[in-house]
>>> print(open('target07.txt').read())   # compact mmCIF, C-alpha atoms (C1' of nucleotides)
# COMPACT_ATOMS: atom_id res chain seq x y z
CA MET F 225 65.31 60.27 95.48
CA ALA F 226 66.84 62.71 97.98
CA ARG F 227 65.96 61.51 101.45
CA LYS F 228 66.82 64.63 103.41
CA THR F 229 64.94 65.39 106.56
CA GLY F 230 62.06 67.79 106.27
CA SER F 231 58.51 67.83 104.97
CA HIS F 232 57.66 65.54 102.11
CA ALA F 233 54.08 64.71 103.00
CA ASP F 234 52.77 65.89 99.66
CA ILE F 235 55.25 63.66 97.87
CA THR F 236 55.48 60.63 100.12
CA GLY F 237 51.74 60.18 100.59
CA PRO F 238 50.92 59.73 96.89
CA ALA F 239 54.15 57.80 96.36
CA ILE F 240 53.07 55.25 98.95
CA LYS F 241 49.75 54.75 97.22
CA ALA F 242 51.38 54.42 93.84
CA SER F 243 53.89 51.87 95.08
CA ALA F 244 51.31 49.89 97.01
CA LEU F 245 49.01 49.82 93.99
CA ARG F 246 51.72 48.54 91.70
CA LEU F 247 53.09 45.97 94.12
CA PHE F 248 49.68 44.69 95.23
CA ALA F 249 48.65 44.33 91.61
CA ARG F 250 51.82 42.49 90.72
CA SER F 251 52.22 40.12 93.66
CA GLY F 252 48.99 40.21 95.61
CA TYR F 253 48.11 41.99 98.84
CA ALA F 254 49.06 39.16 101.18
CA ALA F 255 52.41 38.59 99.50
CA VAL F 256 53.58 42.20 99.75
CA SER F 257 55.06 43.42 103.01
CA MET F 258 55.03 46.93 104.39
CA ARG F 259 58.83 46.83 104.25
CA GLU F 260 58.66 46.13 100.53
CA ILE F 261 56.34 49.06 99.92
CA ALA F 262 58.54 51.33 102.01
CA GLY F 263 61.63 50.19 100.13
CA ASP F 264 59.94 50.96 96.83
CA VAL F 265 59.04 54.45 98.02
CA GLY F 266 62.47 55.09 99.52
CA VAL F 267 61.58 55.31 103.20
CA ARG F 268 61.59 52.94 106.19
CA ALA F 269 58.60 50.84 107.11
CA GLY F 270 57.75 52.87 110.17
CA ALA F 271 57.27 56.00 108.09
CA LEU F 272 54.33 54.42 106.25
CA TYR F 273 52.26 54.65 109.41
CA LEU F 274 52.25 58.44 109.16
CA TYR F 275 50.03 58.04 106.12
CA THR F 276 47.89 55.02 106.83
CA PRO F 277 46.74 53.51 110.13
CA ASP F 278 47.44 50.00 108.86
CA LYS F 279 47.91 47.83 105.80
CA GLN F 280 44.23 46.92 105.53
CA THR F 281 43.21 50.57 105.30
CA LEU F 282 45.85 51.15 102.66
CA LEU F 283 44.23 48.48 100.48
CA PHE F 284 40.74 49.73 101.21
CA ASP F 285 41.61 53.32 100.32
CA LEU F 286 43.09 52.21 97.01
CA LEU F 287 39.92 50.31 96.11
CA ARG F 288 37.58 53.01 97.36
CA GLU F 289 39.32 55.76 95.41
CA HIS F 290 39.34 53.57 92.33
CA MET F 291 35.62 52.90 92.55
CA GLU F 292 34.83 56.55 93.16
CA HIS F 293 36.89 57.54 90.16
CA LEU F 294 35.31 54.85 88.00
CA LEU F 295 31.77 55.94 88.88
CA ALA F 296 32.57 59.62 88.40
CA SER F 297 34.24 58.96 85.06
CA TRP F 298 31.28 56.98 83.81
CA THR F 299 28.84 59.65 84.93
CA ALA F 300 30.84 62.16 82.91
CA ALA F 301 31.09 59.89 79.87
CA LYS F 302 27.64 58.36 79.62
CA SER F 303 25.73 59.46 76.56
CA GLY F 304 23.58 58.19 73.72
CA ALA F 305 19.89 58.30 72.92
CA THR F 306 19.01 54.72 72.00
CA PRO F 307 19.94 51.66 74.06
CA LEU F 308 22.27 50.57 71.28
CA GLU F 309 24.13 53.87 71.36
CA ARG F 310 24.27 53.84 75.13
CA LEU F 311 25.62 50.29 75.13
CA GLU F 312 28.30 51.23 72.63
CA THR F 313 29.32 54.14 74.83
CA PHE F 314 29.50 51.84 77.84
CA VAL F 315 31.60 49.21 76.09
CA HIS F 316 34.05 51.78 74.77
CA PHE F 317 34.27 53.47 78.13
CA HIS F 318 34.78 50.23 80.00
CA VAL F 319 37.50 48.93 77.70
CA ASP F 320 39.30 52.28 77.66
CA TYR F 321 39.18 52.50 81.42
CA HIS F 322 40.75 49.07 81.67
CA PHE F 323 43.53 50.15 79.36
CA ASP F 324 44.29 53.31 81.30
CA ARG F 325 43.96 51.97 84.83
CA SER F 326 44.67 48.28 84.55
CA ASP F 327 46.35 48.02 87.96
CA GLU F 328 43.40 49.59 89.76
CA VAL F 329 40.84 47.44 87.96
CA PHE F 330 42.86 44.29 88.41
CA LEU F 331 43.26 44.97 92.11
CA SER F 332 39.60 45.73 92.53
CA TYR F 333 38.53 42.27 91.56
CA MET F 334 41.50 40.24 92.78
CA GLU F 335 41.76 41.60 96.30
CA LEU F 336 38.14 41.86 97.40
CA ARG F 337 38.70 38.75 99.49
CA ASN F 338 41.40 40.46 101.52
CA LEU F 339 39.14 43.26 102.68
CA SER F 340 37.64 43.12 106.13
CA PRO F 341 33.90 42.34 106.05
CA ASP F 342 32.99 45.99 106.67
CA ASN F 343 35.29 47.29 103.97
CA PHE F 344 34.15 44.60 101.58
CA GLY F 345 30.57 45.72 102.03
CA ARG F 346 31.44 49.31 101.24
CA ILE F 347 33.25 48.41 98.04
CA GLU F 348 30.55 45.96 97.02
CA VAL F 349 27.91 48.70 97.14
CA MET F 350 29.92 50.78 94.67
CA ARG F 351 30.63 47.78 92.45
CA ARG F 352 26.91 47.04 92.24
CA ARG F 353 26.17 50.65 91.41
CA TYR F 354 28.46 50.39 88.41
CA GLU F 355 26.94 47.09 87.36
CA ALA F 356 23.49 48.66 87.63
CA GLU F 357 24.47 51.24 85.02
CA LEU F 358 24.98 48.51 82.44
CA GLU F 359 21.94 46.64 83.65
CA ALA F 360 19.75 49.69 83.07
CA ILE F 361 20.92 49.98 79.49
CA LEU F 362 20.27 46.31 78.81
CA CYS F 363 16.90 46.52 80.50
CA ASP F 364 15.77 49.41 78.32
CA GLY F 365 17.03 47.69 75.20
CA ASP F 366 15.22 44.50 76.06
CA ALA F 367 11.99 46.38 76.76
CA SER F 368 12.16 48.29 73.49
CA GLY F 369 12.89 45.17 71.48
CA ALA F 370 16.33 46.39 70.43
CA PHE F 371 18.00 43.56 72.38
CA HIS F 372 16.99 39.98 73.01
CA LEU F 373 18.31 38.82 76.37
CA PRO F 374 17.91 35.40 77.96
CA ASP F 375 18.14 36.94 81.45
CA LEU F 376 18.92 40.50 82.48
CA ARG F 377 21.26 39.84 85.40
CA VAL F 378 23.05 36.93 83.79
CA THR F 379 23.68 38.93 80.63
CA THR F 380 24.92 41.90 82.64
CA ARG F 381 27.43 39.78 84.52
CA ALA F 382 28.49 37.81 81.49
CA MET F 383 29.16 40.98 79.54
CA ILE F 384 31.21 42.51 82.35
CA ALA F 385 33.17 39.28 82.61
CA MET F 386 33.76 39.27 78.86
CA LEU F 387 34.96 42.88 78.84
CA ASN F 388 37.15 42.34 81.89
CA GLY F 389 38.93 39.62 79.98
CA VAL F 390 41.21 42.14 78.28
CA LEU F 391 42.92 42.61 81.64
CA THR F 392 44.38 39.13 81.59
CA TRP F 393 46.17 39.37 78.31
CA TYR F 394 46.41 42.92 76.97
CA ARG F 395 49.92 44.33 76.85
CA GLU F 396 50.83 47.76 75.53
CA ASP F 397 53.40 46.32 73.19
CA GLY F 398 51.07 43.80 71.58
CA HIS F 399 50.34 43.87 67.87
CA LEU F 400 46.75 44.99 68.34
CA SER F 401 45.88 48.65 68.62
CA ARG F 402 43.67 49.84 71.42
CA ASP F 403 41.12 51.03 68.91
CA SER F 404 40.87 47.66 67.19
CA ILE F 405 40.40 45.91 70.53
CA ARG F 406 37.70 48.40 71.45
CA LYS F 407 35.89 47.77 68.15
CA MET F 408 36.14 44.00 68.45
CA HIS F 409 34.67 43.99 71.92
CA TRP F 410 31.85 46.20 70.76
CA GLN F 411 31.07 43.76 67.98
CA MET F 412 31.06 40.82 70.41
CA ALA F 413 28.96 42.69 72.96
CA ARG F 414 26.43 43.54 70.27
CA GLY F 415 26.28 39.88 69.32
CA MET F 416 25.71 38.85 72.92
CA VAL F 417 22.52 40.92 73.10
CA GLN F 418 21.42 39.89 69.62
CA ALA F 419 21.14 43.50 68.50
CA MET K 297 37.73 12.31 113.39
CA ALA K 298 39.49 9.70 115.50
CA ARG K 299 43.17 10.57 115.70
CA LYS K 300 44.54 7.26 116.90
CA THR K 301 48.08 6.35 116.05
CA GLY K 302 48.59 4.09 113.09
CA SER K 303 48.54 4.30 109.33
CA HIS K 304 46.19 6.78 107.76
CA ALA K 305 48.17 7.69 104.66
CA ASP K 306 45.34 6.76 102.31
CA ILE K 307 42.96 9.01 104.24
CA THR K 308 45.18 11.89 105.30
CA GLY K 309 46.80 12.45 101.91
CA PRO K 310 43.56 13.19 100.05
CA ALA K 311 42.17 15.03 103.06
CA ILE K 312 45.08 17.44 102.97
CA LYS K 313 44.49 18.17 99.31
CA ALA K 314 40.80 18.66 99.86
CA SER K 315 41.34 21.06 102.76
CA ALA K 316 44.07 22.98 101.00
CA LEU K 317 41.91 23.32 97.91
CA ARG K 318 38.97 24.66 99.85
CA LEU K 319 40.99 27.03 102.03
CA PHE K 320 43.16 28.33 99.18
CA ALA K 321 40.04 28.97 97.12
CA ARG K 322 38.33 30.76 99.97
CA SER K 323 41.13 32.91 101.38
CA GLY K 324 43.97 32.80 98.89
CA TYR K 325 47.21 30.85 98.95
CA ALA K 326 49.29 33.50 100.70
CA ALA K 327 46.70 34.04 103.42
CA VAL K 328 46.38 30.38 104.42
CA SER K 329 48.98 28.90 106.76
CA MET K 330 50.12 25.30 106.92
CA ARG K 331 48.86 25.24 110.50
CA GLU K 332 45.41 26.25 109.28
CA ILE K 333 45.34 23.45 106.72
CA ALA K 334 46.53 20.97 109.32
CA GLY K 335 43.86 22.12 111.74
CA ASP K 336 41.19 21.65 109.10
CA VAL K 337 42.40 18.12 108.40
CA GLY K 338 42.72 17.25 112.07
CA VAL K 339 46.48 16.79 112.33
CA ARG K 340 49.45 18.91 113.38
CA ALA K 341 51.37 21.06 110.94
CA GLY K 342 54.43 18.83 110.94
CA ALA K 343 52.42 15.90 109.64
CA LEU K 344 51.68 17.74 106.41
CA TYR K 345 55.30 17.37 105.39
CA LEU K 346 54.88 13.61 105.12
CA TYR K 347 52.68 14.30 102.09
CA THR K 348 54.19 17.34 100.45
CA PRO K 349 57.75 18.66 100.43
CA ASP K 350 56.51 22.22 100.91
CA LYS K 351 53.58 24.58 100.55
CA GLN K 352 54.50 25.62 97.03
CA THR K 353 54.40 22.03 95.78
CA LEU K 354 51.05 21.54 97.45
CA LEU K 355 49.61 24.40 95.40
CA PHE K 356 51.31 23.24 92.23
CA ASP K 357 50.01 19.68 92.59
CA LEU K 358 46.47 20.96 93.04
CA LEU K 359 46.69 23.03 89.88
CA ARG K 360 48.45 20.34 87.87
CA GLU K 361 45.93 17.66 88.77
CA HIS K 362 43.12 20.04 87.98
CA MET K 363 44.50 20.83 84.54
CA GLU K 364 45.15 17.18 83.78
CA HIS K 365 41.61 16.30 84.76
CA LEU K 366 40.17 19.19 82.77
CA LEU K 367 42.03 18.20 79.61
CA ALA K 368 41.16 14.52 80.00
CA SER K 369 37.50 15.34 80.62
CA TRP K 370 37.31 17.51 77.54
CA THR K 371 39.01 14.88 75.40
CA ALA K 372 36.36 12.42 76.52
CA ALA K 373 33.51 14.86 75.99
CA LYS K 374 34.38 16.53 72.71
CA SER K 375 32.00 15.71 69.90
CA GLY K 376 30.01 17.25 67.07
CA ALA K 377 30.39 17.36 63.33
CA THR K 378 29.96 21.02 62.42
CA PRO K 379 31.77 23.91 64.11
CA LEU K 380 28.45 25.05 65.54
CA GLU K 381 27.81 21.68 67.14
CA ARG K 382 31.34 21.47 68.43
CA LEU K 383 31.09 24.94 69.90
CA GLU K 384 27.86 24.05 71.64
CA THR K 385 29.51 20.97 73.11
CA PHE K 386 32.41 23.07 74.34
CA VAL K 387 30.22 25.71 75.96
CA HIS K 388 28.10 23.13 77.74
CA PHE K 389 31.16 21.22 78.87
CA HIS K 390 32.93 24.32 80.12
CA VAL K 391 29.97 25.64 82.08
CA ASP K 392 29.22 22.22 83.58
CA TYR K 393 32.83 21.78 84.60
CA HIS K 394 32.75 25.13 86.38
CA PHE K 395 29.64 24.07 88.25
CA ASP K 396 31.13 20.79 89.39
CA ARG K 397 34.65 21.94 90.21
CA SER K 398 34.34 25.60 91.00
CA ASP K 399 37.10 25.60 93.65
CA GLU K 400 39.62 24.02 91.30
CA VAL K 401 38.79 26.37 88.45
CA PHE K 402 38.78 29.41 90.68
CA LEU K 403 42.14 28.48 92.13
CA SER K 404 43.62 27.81 88.73
CA TYR K 405 43.18 31.37 87.61
CA MET K 406 43.56 33.22 90.91
CA GLU K 407 46.76 31.62 92.15
CA LEU K 408 48.89 31.43 89.04
CA ARG K 409 50.88 34.37 90.37
CA ASN K 410 51.87 32.43 93.46
CA LEU K 411 53.52 29.66 91.50
CA SER K 412 57.29 29.62 91.13
CA PRO K 413 58.40 30.55 87.59
CA ASP K 414 59.06 26.91 86.72
CA ASN K 415 55.74 25.70 88.02
CA PHE K 416 53.96 28.58 86.35
CA GLY K 417 55.43 27.57 83.02
CA ARG K 418 54.23 24.00 83.41
CA ILE K 419 50.67 25.05 84.21
CA GLU K 420 50.65 27.66 81.48
CA VAL K 421 51.41 25.02 78.85
CA MET K 422 48.34 23.06 79.89
CA ARG K 423 46.17 26.15 80.08
CA ARG K 424 47.15 27.05 76.53
CA ARG K 425 46.39 23.55 75.35
CA TYR K 426 42.85 23.89 76.64
CA GLU K 427 42.47 27.33 75.07
CA ALA K 428 43.72 25.89 71.78
CA GLU K 429 40.81 23.44 71.78
CA LEU K 430 38.33 26.30 71.64
CA GLU K 431 40.49 28.23 69.22
CA ALA K 432 40.47 25.31 66.77
CA ILE K 433 36.69 25.19 66.80
CA LEU K 434 36.40 28.93 66.20
CA CYS K 435 39.06 28.76 63.49
CA ASP K 436 37.19 26.06 61.57
CA GLY K 437 33.91 27.91 61.93
CA ASP K 438 35.44 31.12 60.68
CA ALA K 439 36.99 29.36 57.68
CA SER K 440 33.74 27.65 56.74
CA GLY K 441 31.76 30.87 57.03
CA ALA K 442 29.66 29.56 59.90
CA PHE K 443 31.13 32.18 62.26
CA HIS K 444 32.21 35.76 61.71
CA LEU K 445 35.05 36.65 64.06
CA PRO K 446 36.83 39.97 64.37
CA ASP K 447 40.00 38.20 65.55
CA LEU K 448 40.60 34.56 66.40
CA ARG K 449 42.67 34.93 69.54
CA VAL K 450 40.73 37.85 70.93
CA THR K 451 37.44 36.03 70.45
CA THR K 452 38.83 32.89 72.06
CA ARG K 453 39.97 34.76 75.13
CA ALA K 454 36.84 36.88 75.34
CA MET K 455 34.63 33.80 75.20
CA ILE K 456 36.60 32.01 77.90
CA ALA K 457 36.40 35.14 80.04
CA MET K 458 32.65 35.36 79.48
CA LEU K 459 32.10 31.72 80.37
CA ASN K 460 34.35 31.96 83.43
CA GLY K 461 32.11 34.71 84.71
CA VAL K 462 29.70 32.21 86.23
CA LEU K 463 32.35 31.46 88.83
CA THR K 464 32.03 34.86 90.42
CA TRP K 465 28.34 34.76 91.11
CA TYR K 466 26.83 31.29 90.72
CA ARG K 467 25.59 29.73 93.94
CA GLU K 468 23.89 26.36 94.19
CA ASP K 469 20.95 27.84 96.03
CA GLY K 470 20.25 30.53 93.45
CA HIS K 471 16.94 30.72 91.64
CA LEU K 472 18.43 29.73 88.30
CA SER K 473 18.79 26.09 87.31
CA ARG K 474 22.09 24.84 86.01
CA ASP K 475 20.43 23.91 82.75
CA SER K 476 19.01 27.37 82.19
CA ILE K 477 22.40 28.95 82.85
CA ARG K 478 23.99 26.54 80.41
CA LYS K 479 21.44 27.43 77.72
CA MET K 480 21.81 31.16 78.28
CA HIS K 481 25.56 31.03 77.95
CA TRP K 482 25.24 29.03 74.79
CA GLN K 483 22.94 31.67 73.34
CA MET K 484 25.37 34.46 74.24
CA ALA K 485 28.36 32.53 72.90
CA ARG K 486 26.54 31.95 69.62
CA GLY K 487 25.85 35.67 69.40
CA MET K 488 29.50 36.49 70.02
CA VAL K 489 30.54 34.56 66.93
CA GLN K 490 27.63 35.86 64.87
CA ALA K 491 26.47 32.34 64.05
C1' DG B 295 58.70 63.67 108.69
C1' DT B 296 61.75 60.08 109.05
C1' DC B 297 64.81 56.85 111.29
C1' DT B 298 66.41 53.33 114.56
C1' DA B 299 65.16 50.00 117.57
C1' DT B 300 62.09 46.94 119.29
C1' DA B 301 57.80 44.47 120.98
C1' DT B 302 55.02 40.87 119.67
C1' DC B 303 53.46 37.54 116.99
C1' DC B 304 53.10 34.19 113.28
C1' DG B 305 55.02 32.02 109.21
C1' DG B 306 57.39 27.56 107.01
C1' DA B 307 59.96 23.86 107.92
C1' DT B 308 62.74 20.24 110.72
C1' DA B 309 64.27 16.81 114.64
C1' DG B 310 63.39 13.35 117.48
C1' DA B 311 60.10 10.97 120.75
C1' DC B 312 56.31 7.68 120.64
C1' DG O 205 52.21 8.22 110.80
C1' DT O 206 51.72 11.61 114.05
C1' DC O 207 53.00 14.63 117.84
C1' DT O 208 55.74 17.85 120.59
C1' DA O 209 59.11 21.06 120.59
C1' DT O 210 61.82 24.17 118.32
C1' DC O 211 64.67 26.96 114.93
C1' DC O 212 64.71 30.89 112.40
C1' DG O 213 63.13 34.36 109.65
C1' DG O 214 59.94 37.88 108.70
C1' DA O 215 55.43 40.05 109.53
C1' DT O 216 52.76 44.35 111.46
C1' DA O 217 52.89 47.97 114.29
C1' DT O 218 54.75 51.18 117.95
C1' DA O 219 58.14 54.27 120.83
C1' DG O 220 61.27 57.56 121.12
C1' DA O 221 65.50 59.91 119.11
C1' DC O 222 66.75 63.36 115.68
>>> encode(input="target07.txt", output="structure tokens")
Amino acid sequence: MARKTGSHADITGPAIKASALRLFARSGYAAVSMREIAGDVGVRAGALYLYTPDKQTLLFDLLREHMEHLLASWTAAKSGATPLERLETFVHFHVDYHFDRSDEVFLSYMELRNLSPDNFGRIEVMRRRYEAELEAILCDGDASGAFHLPDLRVTTRAMIAMLNGVLTWYREDGHLSRDSIRKMHWQMARGMVQA
Amino acid sequence: MARKTGSHADITGPAIKASALRLFARSGYAAVSMREIAGDVGVRAGALYLYTPDKQTLLFDLLREHMEHLLASWTAAKSGATPLERLETFVHFHVDYHFDRSDEVFLSYMELRNLSPDNFGRIEVMRRRYEAELEAILCDGDASGAFHLPDLRVTTRAMIAMLNGVLTWYREDGHLSRDSIRKMHWQMARGMVQA
DNA sequence: GTCTATATCCGGATAGAC
DNA sequence: GTCTATCCGGATATAGAC
């Protein structure tokens, strides 16, 4: 935590994002001040403005980078021949991602309201693109007779909501293993589509 | 909106709660000022303090009254002989309640973090009591062999999360009727428990 | 690259007039 | 019961020294 003068851009920049992510996730964007973020990083508030033009952009960048990473990770992970296999891959991927990046995911659906209209629109496009990935799987499964869905869009949203639920209660130190939680959610997801 | 002097306690009191509820739900507790609430009601900020000791208590009272009403409504509505019937009653009740009181429900799970520790504890007790109602139904169904659950608590939470999903996308003017949404969620819930 | 100092504004809450 | 006026703290963001 040496605060000597000199160049620390490569350290301070990421540190600001990490602190902001953690604090926003814990207390909410509106409740966290720039001073608090700076204090967590170990600099003064004014120094933050070397790395972000303002607080709003700081939030937006966190959400944008999260969504980009989510989409890229899914593109790399997607696999399976049948709709059932593809759905299983999606469920496992989604739950795992929530385990590994819970702060990012939590932020991305709690703080949408604090984005400016323009920024909200940009994030929303990416969120829909992710949703469309699941929707495509369900659509194919419904068409092939593997699934039996009451409504494509409603089922898509309900399944995302169900899977997101782990965010609100999962703790690392709980008595359930990650693998068992993954398996349970897969079983419930399969039930939801009547596979 | 006549602002004559005189006694308006019976009007202003509820009006403040209604405005606060709507504004908190729309923009978030931390982002809404007392002046903004007062402006929405049609009074000055100072007048709010005739009805609430502070902003925190205003939020707490909204959540407490919501939880009390939710629990009372469910107590009045619960019925059914078999676990399957009871579960259907619960799902229909829960979805209907979300339709009718979306602001209250939304607030109750978005603003928990902005409660003081004491107030949070009080709300959490009521939230758990509601969750326990569903858990009891699932427990009985699992014991009787009507349901097949991977884990009682995980299924309870996942089902609540799934049902809460309607909050994030349902709009009155959508193309889906309330009844069709209710039926679809019942079908998915039934699938989740393998009934 | 960071700090100190500050401009500017807005927040919650209170006192006293009407 | 409400308003006006105000206290006081804290917010974002900027300017200039080091």
>>> residues_around(input="target07.txt", residues="Ala269 in chain F", least_positions_apart="3", cutoff="9 Å", atoms="all atoms listed in the file", output="list in words")
Met258, Arg259, Glu260, Ile261, Ala262, Gly263, Leu272 and Tyr273 of chain F
>>> interface_residues(input="target07.txt", of="chain K", to="chain F", cutoff="9 Å", atoms="all atoms listed in the file", output="ChimeraX atom specification")
/K:322-327,406,409-410,445-447,450-451,453-462,464-465,477,479-481,483-490
>>> interface_residues(input="target07.txt", of="chain O", to="chain F", cutoff="8 Å", atoms="all atoms listed in the file", output="MDAnalysis selection string")
chainID O and resid 215:217
>>> atom_distance(input="target07.txt", atom1="CA of Thr380 in chain F", atom2="CA of Leu358 in chain F")
6.6 Å
>>> residues_near_point(input="target07.txt", point="(59.5, 38.6, 111.9)", cutoff="8 Å", atoms="all atoms listed in the file", output="ChimeraX atom specification")
/B:303-304 /O:213-215
>>> residues_around(input="target07.txt", residues="Ser303 in chain F", least_positions_apart="2", cutoff="12 Å", atoms="all atoms listed in the file", output="PyMOL selection string")
chain F and resi 298-301+305-317+357+361
>>> write_last_selection(input="target07.txt", atoms="C-alpha atoms", output="JSON list (two decimals), keeping the file's coordinate frame")
[["chain", "number", "residue", "atom", "x", "y", "z"],
["F", 298, "TRP", "CA", 31.28, 56.98, 83.81],
["F", 299, "THR", "CA", 28.84, 59.65, 84.93],
["F", 300, "ALA", "CA", 30.84, 62.16, 82.91],
["F", 301, "ALA", "CA", 31.09, 59.89, 79.87],
["F", 305, "ALA", "CA", 19.89, 58.30, 72.92],
["F", 306, "THR", "CA", 19.01, 54.72, 72.00],
["F", 307, "PRO", "CA", 19.94, 51.66, 74.06],
["F", 308, "LEU", "CA", 22.27, 50.57, 71.28],
["F", 309, "GLU", "CA", 24.13, 53.87, 71.36],
["F", 310, "ARG", "CA", 24.27, 53.84, 75.13],
["F", 311, "LEU", "CA", 25.62, 50.29, 75.13],
["F", 312, "GLU", "CA", 28.30, 51.23, 72.63],
["F", 313, "THR", "CA", 29.32, 54.14, 74.83],
["F", 314, "PHE", "CA", 29.50, 51.84, 77.84],
["F", 315, "VAL", "CA", 31.60, 49.21, 76.09],
["F", 316, "HIS", "CA", 34.05, 51.78, 74.77],
["F", 317, "PHE", "CA", 34.27, 53.47, 78.13],
["F", 357, "GLU", "CA", 24.47, 51.24, 85.02],
["F", 361, "ILE", "CA", 20.92, 49.98, 79.49]]
>>> residues_around(input="target07.txt", residues="DC212 in chain O", least_positions_apart="6", cutoff="12 Å", atoms="only C-alpha atoms (C1' of nucleotides)", output="list in words")
DG305, DG306, DA307 and DT308 of chain B
>>> closest_residue(input="target07.txt", among="F:Gly304, F:Gly237, F:Gly369, F:Gly398", to="chain B", atoms="all atoms listed in the file")
F:Gly237
>>> atom_distance(input="target07.txt", atom1="CA of Leu319 in chain K", atom2="CA of Ser412 in chain K")
19.8 Å
>>> residues_near_point(input="target07.txt", point="(51.7, 8.2, 107.4)", cutoff="9 Å", atoms="only C-alpha atoms (C1' of nucleotides)", output="PDB file with C-alpha atoms (C1' of nucleotides), keeping the file's coordinate frame")
ATOM      1  CA  GLY K 302      48.590   4.090 113.090  1.00  0.00           C
ATOM      2  CA  SER K 303      48.540   4.300 109.330  1.00  0.00           C
ATOM      3  CA  HIS K 304      46.190   6.780 107.760  1.00  0.00           C
ATOM      4  CA  ALA K 305      48.170   7.690 104.660  1.00  0.00           C
ATOM      5  CA  ASP K 306      45.340   6.760 102.310  1.00  0.00           C
ATOM      6  CA  THR K 308      45.180  11.890 105.300  1.00  0.00           C
ATOM      7  CA  GLY K 309      46.800  12.450 101.910  1.00  0.00           C
ATOM      8  CA  ALA K 343      52.420  15.900 109.640  1.00  0.00           C
ATOM      9  CA  LEU K 346      54.880  13.610 105.120  1.00  0.00           C
ATOM     10  CA  TYR K 347      52.680  14.300 102.090  1.00  0.00           C
TER      11      TYR K 347
ATOM     12  C1'  DG O 205      52.210   8.220 110.800  1.00  0.00           C
ATOM     13  C1'  DT O 206      51.720  11.610 114.050  1.00  0.00           C
TER      14       DT O 206
END
>>> closest_residue(input="target07.txt", among="F:Ala244, F:His290, F:Arg268, F:Ala360", to="chain B", atoms="all atoms listed in the file")
F:Arg268
>>> residues_around(input="target07.txt", residues="DA309 in chain B", least_positions_apart="4", cutoff="12 Å", atoms="all atoms listed in the file", output="number ranges by chain")
K: 342; O: 207-211
>>> atom_distance(input="target07.txt", atom1="CA of Pro310 in chain K", atom2="CA of Val337 in chain K")
9.8 Å
>>> closest_residue(input="target07.txt", among="F:Ala242, F:Ala249, F:Val267, F:Val319", to="chain B", atoms="all atoms listed in the file")
F:Val267
>>> interface_residues(input="target07.txt", of="chain B", to="chain F", cutoff="10 Å", atoms="only C-alpha atoms (C1' of nucleotides)", output="PDB file with C-alpha atoms (C1' of nucleotides), in the frame of the given file")
ATOM      1  C1'  DG B 295      58.700  63.670 108.690  1.00  0.00           C
ATOM      2  C1'  DT B 296      61.750  60.080 109.050  1.00  0.00           C
ATOM      3  C1'  DC B 297      64.810  56.850 111.290  1.00  0.00           C
ATOM      4  C1'  DT B 298      66.410  53.330 114.560  1.00  0.00           C
TER       5       DT B 298
END
>>> residues_around(input="target07.txt", residues="Glu420 in chain K", least_positions_apart="2", cutoff="12 Å", atoms="all atoms listed in the file", output="ChimeraX atom specification")
/K:356,359-360,363,404-405,408-409,411-418,422-427
